[in-house]
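Enquirer: Right, I'll just put the structure down here and ask away after.
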There are 4 protein chains.
Amino acid sequence: LSKLWQKENETLDAVIEQFEVGDDYQLDLKLASYDIYGSVAHARMLHHINVLTDDDLTRIIKGLKLILNKVKSNKLTLTVKDEDIHTKIENLLVEAIGDAGKKLHTGRSRNDQILVDTRLYAKQELIQTTLILLDFSIILLEFAQKYEFVAMPGYTHMQLAMPSSVGMWASSFVENFIDLVKLMDAVYVINDMNPLGSGAGYGVSIDIDRILTTELLGFGRIQRNSIYCGNSRGQIEAYIIDVLAGIGLVLNRIASDLLLFTTREFEFFKISGEITTGSSIMPQKKNLDVMELIRARTHMLIANETQIKTIITNLPSGYNRDYQETKRLIIQSFDICQQMLRVNRIVFHYLEPRPDKMKAAMLPEIFATDAAYQLVKQGIPFRDAYRQIGQNLDKLKMDDPITNIKKKKHIGGPGNLKLDSYSEELHDLFKIWQTRDQDFLNTLEKLL
Amino acid sequence: LSKLWQKENETLDAVIEQFEVGDDYQLDLKLASYDIYGSVAHARMLHHINVLTDDDLTRIIKGLKLILNKVKSNKLTLTVKDEDIHTKIENLLVEAIGDAGKKLHTGRSRNDQILVDTRLYAKQELIQTTLILLDFSIILLEFAQKYEFVAMPGYTHMQLAMPSSVGMWASSFVENFIDLVKLMDAVYVINDMNPLGSGAGYGVSIDIDRILTTELLGFGRIQRNSIYCGNSRGQIEAYIIDVLAGIGLVLNRIASDLLLFTTREFEFFKISGEITTGSSIMPQKKNLDVMELIRARTHMLIANETQIKTIITNLPSGYNRDYQETKRLIIQSFDICQQMLRVNRIVFHYLEPRPDKMKAAMLPEIFATDAAYQLVKQGIPFRDAYRQIGQNLDKLKMDDPITNIKKKKHIGGPGNLKLDSYSEELHDLFKIWQTRDQDFLNTLEKLL
Amino acid sequence: LSKLWQKENETLDAVIEQFEVGDDYQLDLKLASYDIYGSVAHARMLHHINVLTDDDLTRIIKGLKLILNKVKSNKLTLTVKDEDIHTKIENLLVEAIGDAGKKLHTGRSRNDQILVDTRLYAKQELIQTTLILLDFSIILLEFAQKYEFVAMPGYTHMQLAMPSSVGMWASSFVENFIDLVKLMDAVYVINDMNPLGSGAGYGVSIDIDRILTTELLGFGRIQRNSIYCGNSRGQIEAYIIDVLAGIGLVLNRIASDLLLFTTREFEFFKISGEITTGSSIMPQKKNLDVMELIRARTHMLIANETQIKTIITNLPSGYNRDYQETKRLIIQSFDICQQMLRVNRIVFHYLEPRPDKMKAAMLPEIFATDAAYQLVKQGIPFRDAYRQIGQNLDKLKMDDPITNIKKKKHIGGPGNLKLDSYSEELHDLFKIWQTRDQDFLNTLEKLL
Amino acid sequence: LSKLWQKENETLDAVIEQFEVGDDYQLDLKLASYDIYGSVAHARMLHHINVLTDDDLTRIIKGLKLILNKVKSNKLTLTVKDEDIHTKIENLLVEAIGDAGKKLHTGRSRNDQILVDTRLYAKQELIQTTLILLDFSIILLEFAQKYEFVAMPGYTHMQLAMPSSVGMWASSFVENFIDLVKLMDAVYVINDMNPLGSGAGYGVSIDIDRILTTELLGFGRIQRNSIYCGNSRGQIEAYIIDVLAGIGLVLNRIASDLLLFTTREFEFFKISGEITTGSSIMPQKKNLDVMELIRARTHMLIANETQIKTIITNLPSGYNRDYQETKRLIIQSFDICQQMLRVNRIVFHYLEPRPDKMKAAMLPEIFATDAAYQLVKQGIPFRDAYRQIGQNLDKLKMDDPITNIKKKKHIGGPGNLKLDSYSEELHDLFKIWQTRDQDFLNTLEKLL
């Protein structure tokens, strides 16, 4: 009887079993090591409250370490028959160490187990994603610093608006990402709580020590109410995907810009063969299609938000198997978001502005607003100045774009981007998240 | 140089290549055989217009057949380096038959090639899905016939409303599915057009014969305008996913009903071990969680609709690599929808109503409306009758539910469900779609 | 007691009442006339089966006509207290004609009443939308005919691909719309069924004549099963919004093209002051922002699809008040879609291609594929020809674009667009839908 | 010329004007007062940098105060012709005070103006929503305290799982809301930055003082980079709607629970006439349909997330009119979320548990897990104990539910809910947000 709950004389229909397990057992491999760490903490606690003997504990930890090594060397495989990672590990453990293994599930349920696994997994991935995001932000900032005063036309409605700069354009995303780290931080804090001990959602009837497992696993606090623990399945993940999609929104904007700015008609940037592909029929093609895929995959993140939220709505409290479907979405979202960030890092490495083309694209009309301000400085009310220029657009003259942008010296104008301040902020953030990363690794190491 | 478009001295960055190909190369395996059939038709046409010699054609068809056999025996594997199925097959072909293989891509692009592949794939899957849908509808109808006069409480707002029947409940979904087949038919007809010959979206400069390829591939008509062909990528798929999600809506309703009706508090149906699973901690559990997964996966279909549509919006005409991301969605949607239908078929096989429980759930209030109609028959205006009953709810008496439902003899009332008429309609539809299936198979066979 | 269901001594909390009614009572005004037509048909049927006397019927019809006149002259107003249009009309009727009015609700429920209202409303709007769509398609076709051989660069990945034409571009959308009318037709047919008589979803206990009301209201068939009637609330609307969003996808593509093609960098079209707006700060601005709004509002249609489907999922059979929320979505979607089509008609009236700019944008590389085909004609296998051209891109020469496109004479190539065939198809479709429109009007007129 | 940008001899087509403005001008009324406060701060700054004379400033503030009074007494009305609130106010101001009014727009654009309006509006609404959320949480907590030891069956898969309590159920949502306030806080902080001075997205060419306007408007910091300011339109709103939808997820869960628990079959709660409605045909009905509407409207929040994000994706940097469509979504989302919270407060006021029904619903199987733990305490490994109980389910005995839950004394179990700790947290949070509210009011007051 391979399933924990299986009874004699009952066999699940094979088509149904296949449908139920789906690709879930494969997704579980992403969680396997966290499942083991969670089990170690649980075992230590059971030992502390005298449910496990010293010998039980020793055996269990030894057995779990063996399985962890298998996981780390990619030797643990799951099949549809194994049902899920929790079952598989319990079965392997009992096989390896006998009866002690049968005691491990005391005082917990697969419900709180998967919650712990997901929290630990998400914690690690939130840290990694933020570090990659900060890393890409630093690359972007360096790009902005290098081309701070390369003048570039600014657009609204995709029409020439006012002079801008490559530095202003690139650093706009840096500031955007710095704000997004605030959201990453909020979901990190929310996620950083321990659901272990909530059992199947209604607590358990032995006196487990939730403070101990919280310490052992390095969680920031206990997620107290057992029903809340159960009901938060999918919810915390949804908050996280929201933020990942928020990152996607910015990457989508960068991609949309680059795709427009690298058309033949704009040609604001040089792109090289390392980041482009060709056509099967048109010999001349060099397409920056990696940016098209980033543009498209942003919509996967957005659709995952909808999917995870509509999966968990219109459902009553307590575990419902619908929740299983949330696992694919959180894993896929982390993967896609991290890949998108990594790819951008490479693209900016190969990207080079073409100041000549940017300058050539600036027609006199781009200076119309500045011309109106000249009149304002002569005492004409802005609205009148605006109308006067509007009626004499053909008389507008070219200005020197670099002089023009340098004169806009208010905070956040192209002449005063304060790039250094971003640099400081990024490095401060980097330190915070690296510490989190290190602390998390230390905690897991200490557990074994 | 493994890529069709690759030039000397240029190599795509490996991280970018990996990101670009993603899991697309694996999805391509689903399309491989259609890609070959499309190539055969294209080759026959090129021969017909004298671009290929007799010998070229013989070699190409022989070569393609070899590759088709590989595909059918699951021996064709793709790696990230192969880029896509079109490239792989062209490379294999050239390897196998030499220069003739290099001529095959004359007058076409990967753009119209993938369009053809998708149309043929979707055609086949639309037929299969409809046949499975009709098959399940017949099972549902038999269920309805078997339990036509088993009385069951009817609910609104999840509160007791009026007497209903198991036959009425089950056959309601049959009529719903019959209407959905109308939508399947419409998208089938729209999909059944030949985009081959549109090239990269702007036609080709040799005099290809699109009428011939249309006949050879058995398409219902030509998709004429080359730009429309290109722009329809993702669009036709979106229409299809819309209908698959439409089927999902009904399956979600059936699942929601069964999950409510199999709670301990309702217990309207017996469920057996073949279709239930248990808990890791609670020994007593028997959960119909397959229905929870159907409920959840409906949301994947709905999210896929959003995803595919938002991928292809805000984009200018002409191929954009964003479209690649539509492939996963159409394949995943067909797979999930068909699985959900197959699983339902099994569930209804094991499902058994409990007339005793259903009867016990009918309290006198369920007859309140019928009591008001009694007063109407005595000449009291309905609104007054309604108020009179409303003020005397405690005096309501039980009626015999079976007698009650049998008396509602208007069309579509529980006493007059006209189940035979559904049976006829289903069998007529079955014949139409089976013919389509056979015709399609014959067309493909004749091609080789 | 203003509510049909209200009992003595019970009053709904005012905040809750406000929340429940929301803006629903205002949306109901869109359905008011259909509610009355439905009531007339129901009354005639009740008279036919002897529930109403001759005198009752005369009074009821007279009363309903009075209310219809109020509706048509915009004199019927609803407040939160009126709850909904059905209640309001019944109350007004009883006020106007006394007891006969209290009999009207015999054998029906607000559930089947709102279903009938929605079917009739949707039928009318489907006809109107299709007529507007066909009308715009004719404008587009005339535009294509006028500029059939104006050469225009064709793009893939937003990069120069191959020569195209204004006629090819514009008519691509015509063919797309013709296919969409097939979907409009399918949802029209599905929607064209009579749910009246299904009561609250479980039939009624008097022998109503559903064939008669079906004839009187001009429905194509009876929606039989009463539970299916109830469960189809929101579902049929969802199918419709799917198709409206399908139209949106095409309009979004047109808008995205025009916005790109009217940038300074492209300038392929002249736009005039009648269709542009300006900026509050930049005197030079002329923005085609109407197209930006079309682009954006497409996403309202797509979001409405998701919203309506996720509202009706994870719910058991039988009416649930959740369904009320579907009304806003169907009304809003019809309104937006029709407006978007009307606006496009105007934009194309003012739109003028700039052949000079289009020609200037065509660089030699756009002829690369054609050059490869020249080599193919000399006997070089395509793949070799492709590579040869690819290595000599700098030697490519300009071709005459008009000669070039005229040579692409296969079906659907720029030299053979078959615009006349679209013209015929459009006019045939126009006739079909105009007949539907006329028949519907005649039916409603005959009812009174 | 009513429009700021209008030129002689050019008139926007009326249909297009109507389409463009849509309902936007009405939504603008929600922002009108913030637009005025922003203008006052801008004027004070212009005066500080000597663009406005003392006299100009006095007139402008006097004029703006007059308009603010109009807004506060609901006397400001907008029509389609007014275009938007910014134009209307500038026009009214010029009318009232003459030329000084024409100077107000110096150094700003409608782009940064609407950004400021939205930030201030969102700040105020975030505060209000959080206060309402905390208020409802306190009600929920009182409910939990009152019924802390009322035993209630706990479910998983909608099947009897383990004993729970009303207090545990109600307080689970309290803890959930406390975590959501963390997200509210994060978006509050992100939103609390000053975009004024970014102009049309590329800065302005006069030396504005952004530190001053930031202080005057009470923003927490400056949003520096001008392009980021422009690009954040819709983005910050999206983050906010994400969190509002997060609140919706919890309210949807509460609603789903109550609707299930108030069916006849469960009857765990008494519901009274103040919160229920009836049926037009079935005299017996009492439906808690307010909860059905909450369930449904959650999906509006979720759909608004998708809509706002897909509106702003696949677009290049710089203002695009698409952004106008984000305004409806943020306003609608705040309104719906606040209403839903207010309605819940009332519902819980009228809600009363029925301990008898809850107890009766607990069958012996609900104690199966606890029975297994009894065996564990006798030294049997859990997995064996589980199997033993599973094979003897018919021998299970009833336990006293209240004793049972009281024994589960680990943190977050039904016997140890730590309700007091929530109380403290809620009151601390209340203080923080009330201070924010007061500070914001003070800031605005001081401005005039």
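Ordered as shown in the structure tokens, chains take letters A, B, and onward, while each chain numbers its residues from 1 and ligands are numbered from 1 in the order shown.
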Given a cut-off of 6 Å, which residues of chain B touch chain C, counting only C-alpha atoms, written out as a PyMOL selection string?

Expert: chain B and resi 102-103+106+155-157+164+172+202-203+205+207+224-228+253+256-257+314-316+318-320+381-383+408+410+412-413

Enquirer: For the residues in the current selection, export C-alpha atoms as a PDB file, in the first residue's frame.

Expert:
```
ATOM      1  CA  LYS B 102      17.550  22.411 -49.234  1.00  0.00           C
ATOM      2  CA  LYS B 103      14.855  23.151 -51.800  1.00  0.00           C
ATOM      3  CA  THR B 106      11.273  27.391 -51.260  1.00  0.00           C
ATOM      4  CA  TYR B 155     -31.850  24.936  -4.680  1.00  0.00           C
ATOM      5  CA  THR B 156     -31.444  28.620  -5.311  1.00  0.00           C
ATOM      6  CA  HIS B 157     -28.965  30.615  -3.258  1.00  0.00           C
ATOM      7  CA  SER B 164     -36.290  18.728  -8.811  1.00  0.00           C
ATOM      8  CA  SER B 172     -29.404  19.932 -17.881  1.00  0.00           C
ATOM      9  CA  TYR B 202       3.677  39.201 -47.185  1.00  0.00           C
ATOM     10  CA  GLY B 203       3.390  36.449 -49.789  1.00  0.00           C
ATOM     11  CA  SER B 205       7.627  35.813 -55.218  1.00  0.00           C
ATOM     12  CA  ASP B 207       3.829  31.328 -58.315  1.00  0.00           C
ATOM     13  CA  ARG B 224      -6.295  34.382 -48.330  1.00  0.00           C
ATOM     14  CA  ASN B 225      -4.674  37.626 -47.247  1.00  0.00           C
ATOM     15  CA  SER B 226      -1.082  36.910 -46.217  1.00  0.00           C
ATOM     16  CA  ILE B 227      -1.046  39.560 -43.492  1.00  0.00           C
ATOM     17  CA  TYR B 228      -4.248  38.129 -42.037  1.00  0.00           C
ATOM     18  CA  ARG B 253     -20.555  23.447 -12.250  1.00  0.00           C
ATOM     19  CA  SER B 256     -19.242  22.165  -7.573  1.00  0.00           C
ATOM     20  CA  ASP B 257     -22.583  20.384  -7.376  1.00  0.00           C
ATOM     21  CA  ASN B 314      -0.718  46.069 -28.104  1.00  0.00           C
ATOM     22  CA  LEU B 315       1.474  44.606 -30.846  1.00  0.00           C
ATOM     23  CA  PRO B 316       1.805  45.796 -34.422  1.00  0.00           C
ATOM     24  CA  GLY B 318       3.540  41.045 -38.660  1.00  0.00           C
ATOM     25  CA  TYR B 319       5.129  38.176 -36.826  1.00  0.00           C
ATOM     26  CA  ASN B 320       6.437  38.935 -33.350  1.00  0.00           C
ATOM     27  CA  PRO B 381     -54.184  36.438  -8.056  1.00  0.00           C
ATOM     28  CA  PHE B 382     -50.654  35.061  -7.799  1.00  0.00           C
ATOM     29  CA  ARG B 383     -49.180  37.944  -5.838  1.00  0.00           C
ATOM     30  CA  LYS B 408     -44.846  19.675 -13.994  1.00  0.00           C
ATOM     31  CA  HIS B 410     -44.550  21.737 -19.572  1.00  0.00           C
ATOM     32  CA  GLY B 412     -38.399  21.246 -19.783  1.00  0.00           C
ATOM     33  CA  GLY B 413     -40.203  20.762 -16.476  1.00  0.00           C
TER      34      GLY B 413
END
```

Enquirer: What residues in segment 238-379 of chain C get the DSSP label helix (DSSP H, G or I)? Please answer as a VMD selection string.

Expert: chain C and resid 238 to 261 273 to 275 289 to 311 321 to 350 355 to 360 364 to 377

Enquirer: Would you mind listing what lies within 8 Å of segment 115-129 of chain C as JSON, numbers by chain, with only C-alpha atoms counted and same-chain residues fewer than 6 positions away left out?

Expert: {"C": [31, 32, 34, 35, 38, 184, 188, 191, 192, 193, 194, 195, 196, 229, 230, 233, 334, 337, 338, 433, 434, 436, 437, 440]}

Enquirer: Considering only C-alpha atoms, return as a list in words whatever protein or nucleic-acid residues lie within 7 Å of segment 64-68 of chain A, sequence-local ones (same chain, fewer than 5 positions apart) excluded.

Expert: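 Listed by chain and then number, they are Ser33, Ile36 and Leu93 of chain A.
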
Enquirer: Pull C-alpha atoms from the residues just selected and write them as a tab-separated table (two decimals), in the first residue's frame.

Expert:
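Saved as selection_10.tsv:
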```
chain	number	residue	atom	x	y	z
A	33	SER	CA	14.94	19.52	0.31
A	36	ILE	CA	13.35	17.29	4.65
A	93	LEU	CA	12.38	6.71	5.59
```

Enquirer: At what distance in Å, to one decimal, does atom CA of Tyr147 of chain B lie from atom CA of Asp420 of chain B?

Expert: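 Value for the atom CA of Asp420 of chain B-atom CA of Tyr147 of chain B distance: 14.1 Å.
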
Enquirer: Tell me which protein, DNA and RNA residues are within 8 Å of Ile402 of chain D, counting only C-alpha atoms, leaving out same-chain ones fewer than 4 positions away, and put them as a list of chain:residue names.

Expert: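 In the requested form, the answer reads D:Phe149, D:Val150, D:Ala151, D:Lys406.
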
Enquirer: Using only C-alpha atoms, determine which residues lie at most 12 Å from Ile346 of chain B, disregarding the query and same-chain residues fewer than 5 positions distant; provide the list as JSON, numbers by chain.

Expert: {"A": [12, 13, 14, 15, 16, 17, 19], "B": [135, 136, 139, 140, 271, 272, 274, 275, 276, 290, 291, 339, 340, 341, 351]}

Enquirer: List every residue of segment 211-377 of chain C that DSSP, applied to the backbone, labels as strand (DSSP E or B), and write the result as a ChimeraX atom specification.

Expert: /C:221-222,269-270,277,287,352-353

Enquirer: Those selected residues, please, written with all heavy atoms and delivered as a compact mmCIF listing (two decimals), in the first residue's frame.

Expert:
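The result, stored in selection-v4.txt:
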```
# COMPACT_ATOMS: atom_id res chain seq x y z
N ARG C 221 -35.71 28.74 -30.92
CA ARG C 221 -36.07 27.45 -30.33
C ARG C 221 -36.30 27.63 -28.83
O ARG C 221 -36.06 28.70 -28.28
CB ARG C 221 -34.98 26.41 -30.56
CG ARG C 221 -33.69 26.67 -29.80
CD ARG C 221 -32.56 25.74 -30.30
NE ARG C 221 -31.38 25.85 -29.45
CZ ARG C 221 -30.56 26.91 -29.40
NH1 ARG C 221 -30.80 27.99 -30.12
NH2 ARG C 221 -29.51 26.89 -28.61
N ILE C 222 -36.78 26.56 -28.19
CA ILE C 222 -36.98 26.57 -26.73
C ILE C 222 -35.69 26.13 -26.05
O ILE C 222 -35.05 25.17 -26.49
CB ILE C 222 -38.11 25.61 -26.32
CG1 ILE C 222 -39.43 26.01 -27.00
CG2 ILE C 222 -38.28 25.58 -24.80
CD1 ILE C 222 -40.58 25.06 -26.70
N PHE C 269 1.16 57.71 -42.40
CA PHE C 269 -0.19 58.22 -42.62
C PHE C 269 -0.29 59.67 -42.16
O PHE C 269 0.35 60.05 -41.17
CB PHE C 269 -1.22 57.38 -41.85
CG PHE C 269 -1.37 55.99 -42.37
CD1 PHE C 269 -0.66 54.94 -41.80
CD2 PHE C 269 -2.22 55.73 -43.44
CE1 PHE C 269 -0.78 53.64 -42.29
CE2 PHE C 269 -2.35 54.43 -43.93
CZ PHE C 269 -1.63 53.39 -43.36
N LYS C 270 -1.11 60.43 -42.86
CA LYS C 270 -1.45 61.78 -42.43
C LYS C 270 -2.62 61.66 -41.46
O LYS C 270 -3.57 60.92 -41.72
CB LYS C 270 -1.92 62.60 -43.64
CG LYS C 270 -0.90 63.60 -44.15
CD LYS C 270 -1.50 64.40 -45.30
CE LYS C 270 -0.59 64.26 -46.50
NZ LYS C 270 -1.21 64.52 -47.79
N THR C 277 -5.70 65.08 -30.53
CA THR C 277 -5.77 66.05 -29.44
C THR C 277 -4.36 66.55 -29.14
O THR C 277 -3.39 66.04 -29.67
CB THR C 277 -6.36 65.43 -28.16
OG1 THR C 277 -5.50 64.37 -27.75
CG2 THR C 277 -7.76 64.90 -28.39
N ASN C 287 -1.75 64.26 -31.04
CA ASN C 287 -1.71 62.85 -30.70
C ASN C 287 -2.95 62.12 -31.18
O ASN C 287 -4.07 62.60 -31.01
CB ASN C 287 -1.58 62.69 -29.19
CG ASN C 287 -0.38 63.43 -28.65
OD1 ASN C 287 0.71 63.33 -29.20
ND2 ASN C 287 -0.58 64.22 -27.60
N GLU C 352 -5.08 59.09 -44.36
CA GLU C 352 -4.55 59.18 -45.72
C GLU C 352 -3.10 58.66 -45.73
O GLU C 352 -2.26 59.16 -44.98
CB GLU C 352 -4.54 60.64 -46.15
CG GLU C 352 -4.91 60.84 -47.59
CD GLU C 352 -4.95 62.34 -47.88
OE1 GLU C 352 -5.73 63.06 -47.21
OE2 GLU C 352 -4.17 62.77 -48.73
N PRO C 353 -2.82 57.70 -46.59
CA PRO C 353 -1.45 57.18 -46.65
C PRO C 353 -0.50 58.20 -47.25
O PRO C 353 -0.92 59.09 -48.00
CB PRO C 353 -1.56 55.97 -47.60
CG PRO C 353 -3.00 55.74 -47.83
CD PRO C 353 -3.72 57.02 -47.52
```
